[in-house]
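K.L.:
File final.txt follows (compact mmCIF, C-alpha atoms and all ligand atoms):
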```
# COMPACT_ATOMS: atom_id res chain seq x y z
CA MET H 1 -3.61 15.27 13.93
CA TYR H 2 -2.63 18.78 13.26
CA ARG H 3 -2.62 21.55 10.82
CA CYS H 4 0.45 22.63 9.04
CA LYS H 5 1.28 25.74 7.15
CA ASN H 6 3.93 25.89 4.57
CA LEU H 7 4.43 29.46 3.51
CA GLN H 8 6.51 31.19 0.95
CA LEU H 9 4.19 34.05 0.22
CA THR H 10 5.71 37.25 -0.98
CA ALA H 11 4.50 39.18 2.00
CA LEU H 12 5.98 36.64 4.30
CA VAL H 13 9.20 36.52 2.38
CA LEU H 14 9.47 40.26 2.68
CA GLY H 15 8.66 40.20 6.36
CA LEU H 16 11.15 37.51 7.08
CA THR H 17 13.78 38.98 4.89
CA LEU H 18 13.49 42.32 6.65
CA VAL H 19 13.95 40.70 9.97
CA ALA H 20 16.46 38.13 9.09
CA PHE H 21 18.55 39.21 6.24
CA SER H 22 18.53 42.95 6.64
CA LEU H 23 18.19 43.61 2.96
CA PRO H 24 17.54 47.20 1.89
CA THR H 25 13.83 47.77 1.40
CA ASN H 26 14.27 49.02 -2.14
CA ALA H 27 15.58 45.60 -3.13
CA LEU H 28 12.57 43.95 -1.55
CA ALA H 29 10.17 46.27 -3.29
CA GLN H 30 11.14 44.78 -6.63
CA GLY H 31 8.77 41.95 -5.95
CA ALA H 32 9.69 39.38 -8.57
CA LYS H 33 13.26 39.37 -7.40
CA GLU H 34 12.55 37.89 -4.02
CA LYS H 35 15.96 38.44 -2.64
CA SER H 36 17.67 37.16 0.37
CA THR H 37 21.31 36.68 1.09
CA GLY H 38 20.84 32.99 1.69
CA LYS H 39 23.84 33.10 3.94
CA SER H 40 21.84 31.33 6.59
CA LYS H 41 22.16 33.90 9.28
CA SER H 42 19.87 32.42 11.82
CA ILE H 43 16.45 34.00 12.08
CA ARG H 44 15.99 32.90 15.62
CA GLY H 45 19.33 34.44 16.45
CA LYS H 46 22.05 32.31 17.87
CA ASP H 47 22.99 35.28 20.01
CA LEU H 48 19.76 35.13 21.94
CA PRO H 49 20.44 34.66 25.60
CA ALA H 50 19.93 31.19 26.93
CA VAL H 51 16.33 30.60 27.88
CA PRO H 52 15.66 28.57 30.99
CA GLY H 53 13.96 25.34 29.97
CA VAL H 54 14.70 25.83 26.26
CA SER H 55 17.81 24.11 24.95
CA ASP H 56 19.70 23.85 21.68
CA TYR H 57 20.71 20.56 20.12
CA ALA H 58 22.43 19.71 16.89
CA SER H 59 22.83 16.68 14.68
CA LYS H 60 24.24 16.16 11.21
CA ASN H 61 21.37 17.79 9.32
CA PHE H 62 19.44 19.64 12.00
CA THR H 63 19.63 22.18 14.75
CA LEU H 64 16.86 21.87 17.27
CA ARG H 65 15.72 24.48 19.78
CA THR H 66 13.16 22.99 22.10
CA ASP H 67 11.74 22.80 25.61
CA MET H 68 11.29 19.03 25.30
CA PRO H 69 13.08 16.90 27.90
CA VAL H 70 16.58 15.89 26.79
CA ALA H 71 15.68 12.28 26.01
CA GLU H 72 12.71 13.31 23.86
CA ALA H 73 14.75 15.92 22.03
CA LYS H 74 17.43 13.38 21.22
CA GLU H 75 14.87 10.83 20.11
CA LEU H 76 13.32 13.41 17.79
CA LEU H 77 16.69 14.25 16.26
CA THR H 78 17.32 10.56 15.64
CA ARG H 79 13.96 10.22 13.94
CA LEU H 80 14.58 13.33 11.85
CA GLU H 81 17.99 12.09 10.75
CA THR H 82 16.56 8.72 9.74
CA MET H 83 13.77 10.40 7.82
CA ILE H 84 15.95 12.94 6.02
CA VAL H 85 18.12 10.12 4.65
CA LEU H 86 15.01 8.41 3.23
CA VAL H 87 13.61 11.66 1.86
CA ALA H 88 16.94 12.64 0.26
CA ARG H 89 17.29 9.16 -1.20
CA TYR H 90 13.81 9.37 -2.68
CA PHE H 91 14.42 12.74 -4.34
CA GLY H 92 17.97 11.82 -5.28
CA LYS H 93 19.51 14.91 -3.70
CA PRO H 94 21.29 15.01 -0.36
CA ASN H 95 20.28 17.64 2.14
CA SER H 96 22.93 20.30 1.72
CA GLN H 97 21.99 22.81 4.39
CA ILE H 98 21.22 22.53 8.07
CA ILE H 99 17.49 22.56 8.76
CA GLU H 100 16.58 24.78 11.69
CA MET H 101 13.86 23.29 13.85
CA ASN H 102 12.03 24.97 16.72
CA VAL H 103 9.82 22.51 18.53
CA VAL H 104 7.50 23.79 21.22
CA LYS H 105 6.11 21.53 23.90
CA ASP H 106 4.78 24.15 26.30
CA PRO H 107 4.49 27.66 24.82
CA ASN H 108 4.32 29.12 28.34
CA ILE H 109 7.95 28.16 28.90
CA TRP H 110 9.03 30.25 25.94
CA PRO H 111 9.52 33.88 26.95
CA PRO H 112 7.73 36.67 25.10
CA ASN H 113 9.26 37.32 21.67
CA SER H 114 11.14 34.03 21.63
CA ILE H 115 8.58 32.50 19.26
CA ASP H 116 8.51 33.93 15.75
CA PRO H 117 5.38 36.10 15.43
CA ASP H 118 4.53 34.32 12.14
CA ALA H 119 4.55 30.99 13.96
CA ILE H 120 2.53 31.85 17.05
CA ASN H 121 -0.87 31.05 15.53
CA SER H 122 0.31 27.69 14.21
CA ILE H 123 1.88 26.74 17.53
CA GLN H 124 -1.15 27.82 19.53
CA SER H 125 -3.50 25.82 17.31
CA GLY H 126 -1.36 22.72 17.74
CA GLY H 127 0.31 22.70 14.33
CA GLY H 128 3.44 23.76 12.59
CA ILE H 129 4.78 26.19 10.05
CA THR H 130 7.74 26.27 7.75
CA LEU H 131 8.90 29.80 7.06
CA SER H 132 10.97 30.02 3.93
CA VAL H 133 12.83 32.61 1.98
CA THR H 134 14.06 31.84 -1.49
CA GLN H 135 16.24 33.75 -3.88
CA PHE H 136 15.33 33.19 -7.50
CA GLN H 137 17.07 33.94 -10.72
CA ARG H 138 15.54 33.87 -14.19
CA SER H 139 17.29 31.47 -16.53
CA SER H 140 17.84 32.24 -20.22
CA THR H 141 14.65 30.26 -20.97
CA GLY H 142 12.70 32.40 -18.53
CA GLN H 143 12.38 29.74 -15.85
CA LYS H 144 12.60 30.74 -12.24
CA GLN H 145 15.55 28.96 -10.73
CA ALA H 146 16.05 28.94 -7.02
CA ILE H 147 19.65 29.78 -6.24
CA ALA H 148 19.42 30.01 -2.48
CA ALA H 149 16.78 29.08 0.06
CA LYS H 150 16.48 28.97 3.79
CA SER H 151 13.70 27.50 5.88
CA ILE H 152 12.93 27.80 9.55
CA VAL H 153 10.56 25.26 11.06
CA TRP H 154 8.24 25.86 13.98
CA ALA H 155 6.26 22.90 15.22
CA VAL H 156 4.48 21.60 18.26
CA ALA H 157 6.10 18.65 19.97
CA ASP H 158 3.68 15.96 18.81
CA ARG H 159 4.58 12.79 16.99
CA GLY H 160 4.28 13.85 13.38
CA THR H 161 4.38 17.62 12.98
CA PRO H 162 8.15 18.20 13.27
CA GLN H 163 8.79 15.48 10.66
CA HIS H 164 6.10 16.80 8.35
CA GLU H 165 7.55 20.30 8.50
CA ALA H 166 11.09 19.02 8.03
CA VAL H 167 10.04 17.57 4.65
CA HIS H 168 8.85 21.04 3.58
CA ALA H 169 12.13 22.53 4.78
CA TYR H 170 14.15 19.94 2.85
CA CYS H 171 12.18 20.63 -0.36
CA HIS H 172 12.52 24.39 0.07
CA GLN H 173 16.20 24.33 0.76
CA THR H 174 16.94 21.76 -1.93
CA PHE H 175 14.62 22.90 -4.75
CA GLY H 176 13.51 26.39 -3.70
CA ARG H 177 9.85 25.32 -3.67
CA THR H 178 7.62 22.50 -2.50
CA GLY H 179 5.23 22.13 -5.42
CA PRO H 180 1.45 22.55 -5.58
CA THR H 181 -0.50 22.06 -2.37
CA TRP H 182 -1.66 18.50 -3.05
CA TYR H 183 1.89 17.40 -3.73
CA SER H 184 3.62 19.49 -1.10
CA GLU H 185 1.33 18.43 1.74
CA GLY H 186 0.85 14.89 0.47
CA MET H 187 4.59 14.30 0.36
CA ALA H 188 5.14 15.94 3.76
CA GLU H 189 2.53 13.55 5.19
CA LEU H 190 4.19 10.65 3.41
CA GLY H 191 7.59 11.68 4.77
CA GLN H 192 6.20 11.93 8.25
CA TYR H 193 5.34 8.23 8.15
CA TRP H 194 8.38 7.00 6.23
CA LYS H 195 10.35 4.36 8.03
CA GLU H 196 13.28 2.28 6.88
CA LYS H 197 12.16 -1.11 5.56
CA GLU H 198 8.49 -0.42 6.02
CA ASP H 199 6.40 -0.50 2.87
CA GLY H 200 2.96 -0.89 4.40
CA VAL H 201 0.47 1.76 5.38
CA ASN H 202 1.40 3.14 8.78
CA ILE H 203 -0.65 6.25 9.51
CA HIS H 204 -2.30 8.10 12.34
CA GLU H 205 -5.31 6.08 13.56
CA GLY H 206 -7.57 9.13 13.25
CA VAL H 207 -6.57 9.60 9.60
CA LEU H 208 -7.21 5.92 8.92
CA LYS H 209 -10.64 5.99 10.54
CA TYR H 210 -11.56 9.14 8.66
CA LEU H 211 -10.52 7.79 5.25
CA LYS H 212 -12.33 4.51 5.87
CA SER H 213 -15.52 6.29 6.88
CA GLN H 214 -15.81 8.58 3.86
CA GLU H 215 -16.87 8.29 0.27
CA PRO H 216 -13.63 8.62 -1.70
CA LYS H 217 -12.92 12.21 -2.62
CA GLU H 218 -12.63 12.73 -6.36
CA LEU H 219 -9.05 12.73 -7.62
CA THR H 220 -9.66 15.91 -9.60
CA GLU H 221 -10.74 17.54 -6.35
CA ILE H 222 -7.60 16.42 -4.52
CA VAL H 223 -5.26 17.84 -7.15
CA ALA H 224 -7.33 20.96 -7.95
CA SER H 225 -5.31 24.16 -8.09
CA GLY H 226 -5.90 27.13 -5.84
CA GLN H 227 -5.89 25.12 -2.59
CA GLN H 228 -4.63 26.61 0.64
CA THR H 229 -1.89 25.15 2.79
CA GLY H 230 -3.11 24.50 6.31
CA ASP H 231 -6.75 24.14 5.23
CA SER H 232 -7.83 21.05 7.16
CA TRP H 233 -6.44 17.75 8.37
CA GLN H 234 -9.17 16.00 6.39
CA ASN H 235 -7.80 17.46 3.15
CA TYR H 236 -4.33 16.43 4.24
CA SER H 237 -5.62 12.87 4.64
CA TRP H 238 -6.77 12.72 1.01
CA ARG H 239 -3.50 14.19 -0.21
CA TRP H 240 -1.64 11.54 1.75
CA ALA H 241 -3.82 8.79 0.27
CA LEU H 242 -3.16 9.89 -3.29
CA CYS H 243 0.59 10.40 -2.79
CA HIS H 244 0.95 7.09 -0.96
CA LEU H 245 -0.80 5.21 -3.75
CA LEU H 246 1.19 6.91 -6.50
CA ALA H 247 4.50 6.43 -4.69
CA ALA H 248 3.89 2.81 -3.66
CA ASN H 249 1.97 1.24 -6.54
CA PRO H 250 4.42 0.14 -9.27
CA ASN H 251 1.86 1.00 -11.98
CA TYR H 252 2.27 4.69 -11.10
CA ALA H 253 5.47 5.04 -9.06
CA SER H 254 7.86 5.28 -11.99
CA ARG H 255 6.01 8.36 -13.27
CA PHE H 256 5.39 9.85 -9.84
CA LYS H 257 8.99 10.60 -8.98
CA PRO H 258 9.79 12.46 -12.22
CA LEU H 259 6.46 14.30 -11.92
CA GLY H 260 7.46 15.40 -8.41
CA LEU H 261 10.90 16.52 -9.50
CA GLN H 262 9.38 18.51 -12.36
CA LEU H 263 6.93 20.18 -9.97
CA LEU H 264 9.76 20.97 -7.56
CA ASN H 265 11.81 22.41 -10.40
CA ASP H 266 8.87 24.49 -11.68
CA GLN H 267 8.68 22.74 -15.02
CA GLN H 268 5.48 22.67 -17.02
CA THR H 269 3.59 19.58 -15.93
CA SER H 270 0.65 18.47 -13.83
CA PHE H 271 -1.04 15.42 -12.40
CA GLU H 272 -3.45 15.46 -15.34
CA ALA H 273 -0.69 15.75 -17.93
CA VAL H 274 1.11 12.70 -16.54
CA TYR H 275 -1.75 10.48 -15.45
CA GLY H 276 -4.59 11.67 -17.70
CA PRO H 277 -4.13 8.79 -20.18
CA MET H 278 -4.47 6.28 -17.34
CA ALA H 279 -7.23 8.06 -15.42
CA LYS H 280 -9.57 5.05 -15.42
CA GLU H 281 -6.88 2.75 -14.09
CA ILE H 282 -5.85 5.19 -11.35
CA ASN H 283 -9.44 5.80 -10.35
CA PHE H 284 -10.05 2.07 -10.08
CA GLU H 285 -6.92 1.47 -8.00
CA TYR H 286 -7.52 4.55 -5.85
CA ASN H 287 -11.01 3.31 -4.95
CA PHE H 288 -9.67 -0.20 -4.41
CA PHE H 289 -6.94 1.19 -2.14
CA LEU H 290 -9.46 3.08 -0.02
CA THR H 291 -11.79 0.07 0.15
CA HIS H 292 -9.08 -2.17 1.60
CA LEU H 293 -7.08 0.49 3.44
CA ASP H 294 -5.71 -0.56 6.82
CA GLN H 295 -2.49 -0.36 8.81
CA GLY H 296 -0.05 -2.67 7.04
CA TYR H 297 -1.85 -2.61 3.67
CA ARG H 298 0.62 -2.99 0.82
CA ALA H 299 -0.30 -0.97 -2.25
CA ASP H 300 2.71 -2.43 -4.04
CA LEU H 301 1.63 -6.04 -3.55
CA CYS H 302 -1.98 -5.30 -4.47
CA SER H 303 -1.32 -3.41 -7.69
CA TRP H 304 -3.58 -4.37 -10.56
CA ASP H 305 -2.21 -6.24 -13.59
CA TRP H 306 -3.38 -4.13 -16.53
CA LYS H 307 -1.26 -5.95 -19.08
CA ALA H 308 -2.58 -9.48 -18.70
CA LYS H 309 -4.33 -11.03 -21.69
CA PHE H 310 -7.62 -12.85 -21.21
CA THR H 311 -9.15 -15.43 -23.54
CA ARG H 312 -12.45 -17.28 -23.53
CA LEU H 313 -11.85 -21.02 -23.29
CA LYS H 314 -13.33 -23.29 -25.93
CA GLY H 315 -13.11 -27.03 -26.57
CA THR H 316 -9.96 -28.50 -25.10
CA GLY H 317 -8.31 -25.11 -24.54
CA SER H 318 -6.90 -24.30 -21.13
CA ALA H 319 -5.27 -21.45 -19.23
CA GLN H 320 -2.60 -21.66 -16.57
CA SER H 321 -1.32 -19.08 -14.12
CA LYS H 322 0.96 -18.97 -11.08
CA ILE H 323 -0.73 -17.29 -8.15
CA ASP H 324 1.35 -15.84 -5.30
CA ALA H 325 -0.04 -16.02 -1.77
CA MET H 326 1.53 -12.65 -0.97
CA ARG H 327 -0.21 -10.69 -3.73
CA GLY H 328 -3.66 -9.24 -4.28
CA TRP H 329 -5.94 -10.18 -7.18
CA GLN H 330 -3.99 -11.81 -9.99
CA PRO H 331 -5.17 -12.59 -13.53
CA ALA H 332 -6.34 -16.15 -14.19
CA ARG H 333 -6.24 -15.15 -17.88
CA VAL H 334 -9.73 -16.42 -18.58
CA LEU H 335 -12.58 -14.32 -19.91
CA VAL H 336 -16.05 -15.64 -19.11
CA LYS H 337 -19.63 -15.00 -20.18
CA GLU H 338 -22.52 -15.58 -17.86
CA GLY H 339 -23.19 -19.32 -17.56
CA ASP H 340 -19.74 -20.45 -18.77
CA LYS H 341 -18.63 -23.54 -16.88
CA LEU H 342 -15.02 -23.98 -15.86
CA ALA H 343 -13.03 -26.79 -14.22
CA ILE H 344 -10.27 -25.58 -11.93
CA THR H 345 -7.37 -27.62 -10.61
CA CYS H 346 -4.55 -26.24 -8.44
CA LYS H 347 -1.11 -27.60 -7.72
CA GLY H 348 1.15 -26.42 -4.93
CA GLU H 349 0.89 -25.06 -1.40
CA TRP H 350 1.17 -21.76 0.37
CA GLN H 351 1.49 -20.35 3.88
CA LEU H 352 -0.29 -17.44 5.56
CA SER H 353 2.62 -16.61 7.84
CA LYS H 354 6.27 -17.49 8.21
CA SER H 355 5.59 -20.32 10.61
CA GLY H 356 2.07 -21.12 9.41
CA GLU H 357 1.04 -24.57 8.21
CA LYS H 358 1.28 -25.37 4.53
CA LEU H 359 -2.12 -25.14 2.91
CA THR H 360 -3.53 -26.25 -0.42
CA ALA H 361 -5.81 -23.91 -2.35
CA ASP H 362 -8.66 -25.34 -0.26
CA GLY H 363 -7.33 -23.31 2.68
CA ASP H 364 -7.80 -24.10 6.35
CA ALA H 365 -10.98 -24.96 8.25
CA ASP H 366 -11.97 -21.26 8.38
CA GLY H 367 -11.49 -20.78 4.66
CA ASN H 368 -8.30 -18.77 5.03
CA GLY H 369 -5.79 -19.64 2.35
CA LYS H 370 -8.57 -20.77 0.01
CA LEU H 371 -8.41 -19.81 -3.66
CA VAL H 372 -11.05 -17.14 -4.24
CA GLY H 373 -12.07 -15.31 -7.38
CA ILE H 374 -13.57 -12.06 -8.62
CA LEU H 375 -14.74 -10.77 -12.01
CA PHE H 376 -13.48 -7.52 -13.48
CA GLN H 377 -15.66 -5.83 -16.08
CA ASP H 378 -15.57 -2.18 -17.20
CA TYR H 379 -13.46 -1.10 -14.20
CA ARG H 380 -15.93 -2.66 -11.78
CA LEU H 381 -15.59 -5.75 -9.64
CA SER H 382 -18.14 -8.44 -8.84
CA GLU H 383 -18.55 -9.76 -5.34
CA PRO H 384 -15.72 -12.20 -4.57
CA PHE H 385 -16.57 -15.92 -4.64
CA ASP H 386 -15.02 -19.13 -3.32
CA LEU H 387 -13.13 -21.47 -5.62
CA GLY H 388 -10.71 -24.03 -4.15
CA ALA H 389 -8.04 -26.59 -5.07
CA THR H 390 -10.31 -28.63 -7.35
CA CYS H 391 -13.69 -27.30 -8.36
CA GLN H 392 -16.30 -26.81 -11.02
CA TRP H 393 -17.49 -23.23 -11.32
CA GLU H 394 -20.21 -21.51 -13.30
CA ALA H 395 -19.71 -17.84 -14.15
CA PRO H 396 -22.45 -15.68 -12.64
CA ALA H 397 -21.69 -12.82 -15.02
CA GLU H 398 -19.38 -11.65 -17.76
CA GLY H 399 -15.86 -10.54 -16.95
CA GLU H 400 -12.16 -11.25 -16.62
CA LEU H 401 -11.38 -13.76 -13.89
CA PHE H 402 -8.93 -12.73 -11.17
CA VAL H 403 -7.99 -14.96 -8.24
CA ARG H 404 -6.03 -14.76 -4.99
CA CYS H 405 -5.26 -16.58 -1.76
CA ARG H 406 -7.80 -15.48 0.84
CA ASP H 407 -6.21 -13.59 3.74
CA ASP H 408 -6.72 -10.26 5.50
CA TRP H 409 -5.75 -7.56 3.04
CA SER H 410 -3.51 -5.93 5.63
CA SER H 411 -1.47 -9.06 6.34
CA ILE H 412 -0.59 -10.62 3.01
CA ALA H 413 3.03 -9.46 3.12
CA ASP H 414 4.15 -12.37 5.30
CA ASN H 415 2.52 -14.96 3.07
CA SER H 416 4.64 -17.27 0.96
CA GLY H 417 4.21 -19.91 -1.68
CA THR H 418 2.74 -20.12 -5.14
CA VAL H 419 -0.09 -22.22 -6.49
CA THR H 420 -0.42 -23.14 -10.15
CA VAL H 421 -4.01 -22.72 -11.27
CA LYS H 422 -5.11 -24.64 -14.36
CA ILE H 423 -8.48 -23.86 -15.89
CA LYS H 424 -10.33 -25.88 -18.53
CA VAL H 425 -13.84 -25.92 -19.91
CA GLY H 426 -16.03 -27.59 -17.32
CA GLU H 427 -19.09 -29.81 -17.47
ZN ZN J 501 2.62 20.94 5.50
```
What does this structure look like when you write it as C-alpha cells?
Ligand SMILES: [Zn+2]

P.N.:
Amino acid sequence: MYRCKNLQLTALVLGLTLVAFSLPTNALAQGAKEKSTGKSKSIRGKDLPAVPGVSDYASKNFTLRTDMPVAEAKELLTRLETMIVLVARYFGKPNSQIIEMNVVKDPNIWPPNSIDPDAINSIQSGGGITLSVTQFQRSSTGQKQAIAAKSIVWAVADRGTPQHEAVHAYCHQTFGRTGPTWYSEGMAELGQYWKEKEDGVNIHEGVLKYLKSQEPKELTEIVASGQQTGDSWQNYSWRWALCHLLAANPNYASRFKPLGLQLLNDQQTSFEAVYGPMAKEINFEYNFFLTHLDQGYRADLCSWDWKAKFTRLKGTGSAQSKIDAMRGWQPARVLVKEGDKLAITCKGEWQLSKSGEKLTADGDADGNGKLVGILFQDYRLSEPFDLGATCQWEAPAEGELFVRCRDDWSSIADNSGTVTVKIKVGE
C-alpha cells in the first residue's frame, strides 16, 4: 500500500514549466493561461550523464528510467504495456504520447539532483507522484480545452504504484486532466489491478482486509468535493470500491463511462447528477458489494435485478423462473406476506465447478448447490434461508422472494447450469 500524489497545481505547473519548458516568466504570470510548449522536451533530461546503476528502457508507450534489475524493469514495462491497452480501450482513446516513468527501487543509488525535487517526498514515503503540465485554451463556449499535456511519473518500485501513476499520466496526456479526486484516484487504483480477462476483484490483501473490517463509508463522503490527492490509502480503498462497483456492475456501468469522459473533458456533471435518481439502488448494491467482498468476487454476476415484477400468488396461480448457478440473488417473481405458504418444485441440475458433479437444487451433502432464498423489502434483506428441489415453505415476513444456488460468493464464476423453479400456493 502506498500513497500517491497526482498534481497539476498552478504552482507546480509554473515550477515545472520554468524548469522544463523554459517559458518566459511573463507568460507564466498570466495564471489562467497555464502555458507550456508541450513539445515533450524531457524534464529529466535525456542529456544527463549515464548514472551507474540507473538504466533507461523503452517500449511502445513508455520510457522507463530505473535502478531495478534488468529482468524486473522489463517485466514492469510488459505489465505497463498490457495495462495501457486496457485503459485506452476503456476510455476509447489510444495513448498518443510516450509516458515517462521514473521508478526508484533504492533512492541511495540515485545521485543527488537526479530525482526531481517535487518527487523526493513521495519517493521517500514509499509512494508516487505524477507531475503534469497542461496547456489549455478557452473554446468559444468558454470551456477549458486541453491542447497539450505532458506528464512525468515518479514512483517507488513496488507492485502497484508505477501502474497507478501511469493511469494518471495517461489521463493527463490524453484529456489534460484526471477528474475529481474520487474519480481520479479510484480509476488509477482500478487500472492498477486491471488484467486481461479478469473480471473479479483482485486487490491488495491489505486493502481487502481494511474494507472488510470497516463500516461502509457513505457514498456522499467518498465523492465529496474538496478532497486532497495523496490523503490516505484508506481513502483510496473506498474510492477503489466505488469505482470498481460502478465500472463492473451492469446496472451502473453504462452510465459510469460517459460520466468519466465528461469529468475528464471538464463538462458540467457529477456523481450526484448521474446517479442521484438511483441513489437507493446504488446504496443497496454498494453495501451488498462490501458485505460479500473477497478476491474473485464478481460484481457483474451479482448485480441486482431491479426490473423484475413480483406478484402475490393466489388460488391456482404459479410463478416460474430460471435460476443460473453462476449468478447472485435472482428474482423468483413472488411477493409474500408473513405466513404465506408456498410449494416449490425445481427441475434441472447445476455444477459448482467445471468438473464438479451435477447437483439438483437439493445440493450436496454439505448443502452446497442447494437452492436458498432471501426476502427483499424496502432495500433491506432478510437472513437467507434454505429451500431445496422440492419443498413447502412458509414466509417468515413480507417481501420479494429472491433465490440462488448456494456457493461461496467469491467462486460462483465457474458454476454452470440452470434450474427452473416453479412456485405455487402451498398447503
Ligand atoms: Zn493517484

K.L.:
Of the candidates H:Ser184, H:Ser416, H:Thr311, H:Ser132, which shows the shortest atom-to-atom distance to ligand ZN 501 (chain J), using only C-alpha atoms and all ligand atoms?

P.N.:
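The shortest atom-to-atom distance to ligand ZN 501 (chain J) comes from H:Ser184.
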
K.L.:
Please give me, as a PyMOL selection string, the residues lying within 10 Å of ligand ZN 501 (chain J) when counting all atoms listed in the file.

P.N.:
chain H and resi 2-7+127-130+161-169+178+181-189+229-231+236

K.L.:
Between H:Asp67, H:Glu205, H:Asp362, H:Glu281, which is the closest to Lys307 in chain H once you count all atoms listed in the file?

P.N.:
H:Glu281

K.L.:
Using all atoms listed in the file, find the one residue out of H:Val70, H:Leu211, H:Leu190, H:Cys171 that sits nearest to Lys93 in chain H.

P.N.:
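Smallest separation from Lys93 in chain H among the options: H:Cys171.
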
K.L.:
Using all atoms listed in the file for the distances, tell me which of H:Glu285, H:Leu359, H:Phe310, H:Ile123 is nearest to Leu381 in chain H.

P.N.:
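Closest to Leu381 in chain H of all the choices is H:Glu285.
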
K.L.:
Quick one: which range 86-190 of chain H residues come within 12 Å of range 249-258 of chain H, and what is the nearest atom pair for each with the distance in Å to one decimal, counting all atoms listed in the file, rows ordered by chain and ascending number, as JSON lines?

P.N.:
```
{"residue": "H:Val87", "atom": "CA", "partner": "H:Lys257", "partner_atom": "CA", "distance": 11.8}
{"residue": "H:Arg89", "atom": "CA", "partner": "H:Lys257", "partner_atom": "CA", "distance": 11.5}
{"residue": "H:Tyr90", "atom": "CA", "partner": "H:Lys257", "partner_atom": "CA", "distance": 8.0}
{"residue": "H:Phe91", "atom": "CA", "partner": "H:Lys257", "partner_atom": "CA", "distance": 7.5}
{"residue": "H:Gly92", "atom": "CA", "partner": "H:Lys257", "partner_atom": "CA", "distance": 9.8}
{"residue": "H:Tyr183", "atom": "CA", "partner": "H:Phe256", "partner_atom": "CA", "distance": 10.3}
{"residue": "H:Met187", "atom": "CA", "partner": "H:Lys257", "partner_atom": "CA", "distance": 11.0}
```

K.L.:
CA of Thr78 in chain H and CA of Val201 in chain H are how many Å apart?

P.N.:
21.6 Å

K.L.:
Record the distance separating CA of Trp350 in chain H and CA of Val372 in chain H, expressed in Å with one decimal.

P.N.:
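Calculated distance between CA of Trp350 in chain H and CA of Val372 in chain H is 13.9 Å.
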
K.L.:
Counting only C-alpha atoms, which residue out of H:Phe62, H:Gln295, H:Ser318, H:Asn287 sits closest to Tyr193 in chain H?

P.N.:
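Using only C-alpha atoms, the shortest distance to Tyr193 in chain H belongs to H:Gln295.
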
K.L.:
Compute the distance from (2.8, -2.1, 3.3) to each atom, counting all atoms listed in the file, keep the residues with any atom at most 10 Å away, and return them as a PDB file with C-alpha atoms, keeping the file's coordinate frame; use the coordinates of the file.

P.N.:
```
ATOM      1  CA  LYS H 197      12.160  -1.110   5.560  1.00  0.00           C
ATOM      2  CA  GLU H 198       8.490  -0.420   6.020  1.00  0.00           C
ATOM      3  CA  ASP H 199       6.400  -0.500   2.870  1.00  0.00           C
ATOM      4  CA  GLY H 200       2.960  -0.890   4.400  1.00  0.00           C
ATOM      5  CA  VAL H 201       0.470   1.760   5.380  1.00  0.00           C
ATOM      6  CA  ASN H 202       1.400   3.140   8.780  1.00  0.00           C
ATOM      7  CA  ALA H 248       3.890   2.810  -3.660  1.00  0.00           C
ATOM      8  CA  ASP H 294      -5.710  -0.560   6.820  1.00  0.00           C
ATOM      9  CA  GLN H 295      -2.490  -0.360   8.810  1.00  0.00           C
ATOM     10  CA  GLY H 296      -0.050  -2.670   7.040  1.00  0.00           C
ATOM     11  CA  TYR H 297      -1.850  -2.610   3.670  1.00  0.00           C
ATOM     12  CA  ARG H 298       0.620  -2.990   0.820  1.00  0.00           C
ATOM     13  CA  ALA H 299      -0.300  -0.970  -2.250  1.00  0.00           C
ATOM     14  CA  ASP H 300       2.710  -2.430  -4.040  1.00  0.00           C
ATOM     15  CA  LEU H 301       1.630  -6.040  -3.550  1.00  0.00           C
ATOM     16  CA  CYS H 302      -1.980  -5.300  -4.470  1.00  0.00           C
ATOM     17  CA  SER H 410      -3.510  -5.930   5.630  1.00  0.00           C
ATOM     18  CA  SER H 411      -1.470  -9.060   6.340  1.00  0.00           C
ATOM     19  CA  ILE H 412      -0.590 -10.620   3.010  1.00  0.00           C
ATOM     20  CA  ALA H 413       3.030  -9.460   3.120  1.00  0.00           C
TER      21      ALA H 413
END
```

K.L.:
Pull the neighbourhood of (-14.9, -13.9, -18.1) for me: all residues within 12 Å in file coordinates, counting all atoms listed in the file, as a VMD selection string.

P.N.:
chain H and resid 309 to 313 331 to 342 373 to 378 381 to 382 393 to 402

K.L.:
As an exercise, work out the distance from CA of Asp324 in chain H to CA of Trp409 in chain H in Å and give it to one decimal place.

P.N.:
13.7 Å

K.L.:
Find the residues around Asn61 in chain H up to 9 Å (all atoms listed in the file counted), leave out those fewer than 2 positions away in its own chain, and share them as a PDB file with C-alpha atoms, in the frame of the given file.

P.N.:
```pdb
ATOM      1  CA  ALA H  58      22.430  19.710  16.890  1.00  0.00           C
ATOM      2  CA  SER H  59      22.830  16.680  14.680  1.00  0.00           C
ATOM      3  CA  THR H  63      19.630  22.180  14.750  1.00  0.00           C
ATOM      4  CA  LEU H  80      14.580  13.330  11.850  1.00  0.00           C
ATOM      5  CA  GLU H  81      17.990  12.090  10.750  1.00  0.00           C
ATOM      6  CA  ILE H  84      15.950  12.940   6.020  1.00  0.00           C
ATOM      7  CA  ASN H  95      20.280  17.640   2.140  1.00  0.00           C
ATOM      8  CA  SER H  96      22.930  20.300   1.720  1.00  0.00           C
ATOM      9  CA  GLN H  97      21.990  22.810   4.390  1.00  0.00           C
ATOM     10  CA  ILE H  98      21.220  22.530   8.070  1.00  0.00           C
ATOM     11  CA  ILE H  99      17.490  22.560   8.760  1.00  0.00           C
ATOM     12  CA  GLU H 100      16.580  24.780  11.690  1.00  0.00           C
TER      13      GLU H 100
END
```

K.L.:
Please define a box with edges along x, y and z of the file around all atoms of range 291-307 of chain H given in the file, extend it by 8 Å on each side, and return its centre and edge lengths in Å to one decimal, as AutoDock Vina command-line options.

P.N.:
```
--center_x -4.5 --center_y -2.9 --center_z -5.1 --size_x 30.5 --size_y 22.7 --size_z 43.9
```

K.L.:
Using only C-alpha atoms, which of the listed residues (H:Ala389, H:Met101, H:Val54, H:Ala308) sits closest to Leu77 in chain H?

P.N.:
H:Met101

K.L.:
List the spatial neighbours of Gln214 in chain H as a VMD selection string - criterion: any atom at most 12 Å away, all atoms listed in the file, same-chain residues fewer than 2 positions off excluded.

P.N.:
chain H and resid 207 to 212 216 to 218 234 to 235 237 to 238 287 290 to 291 293
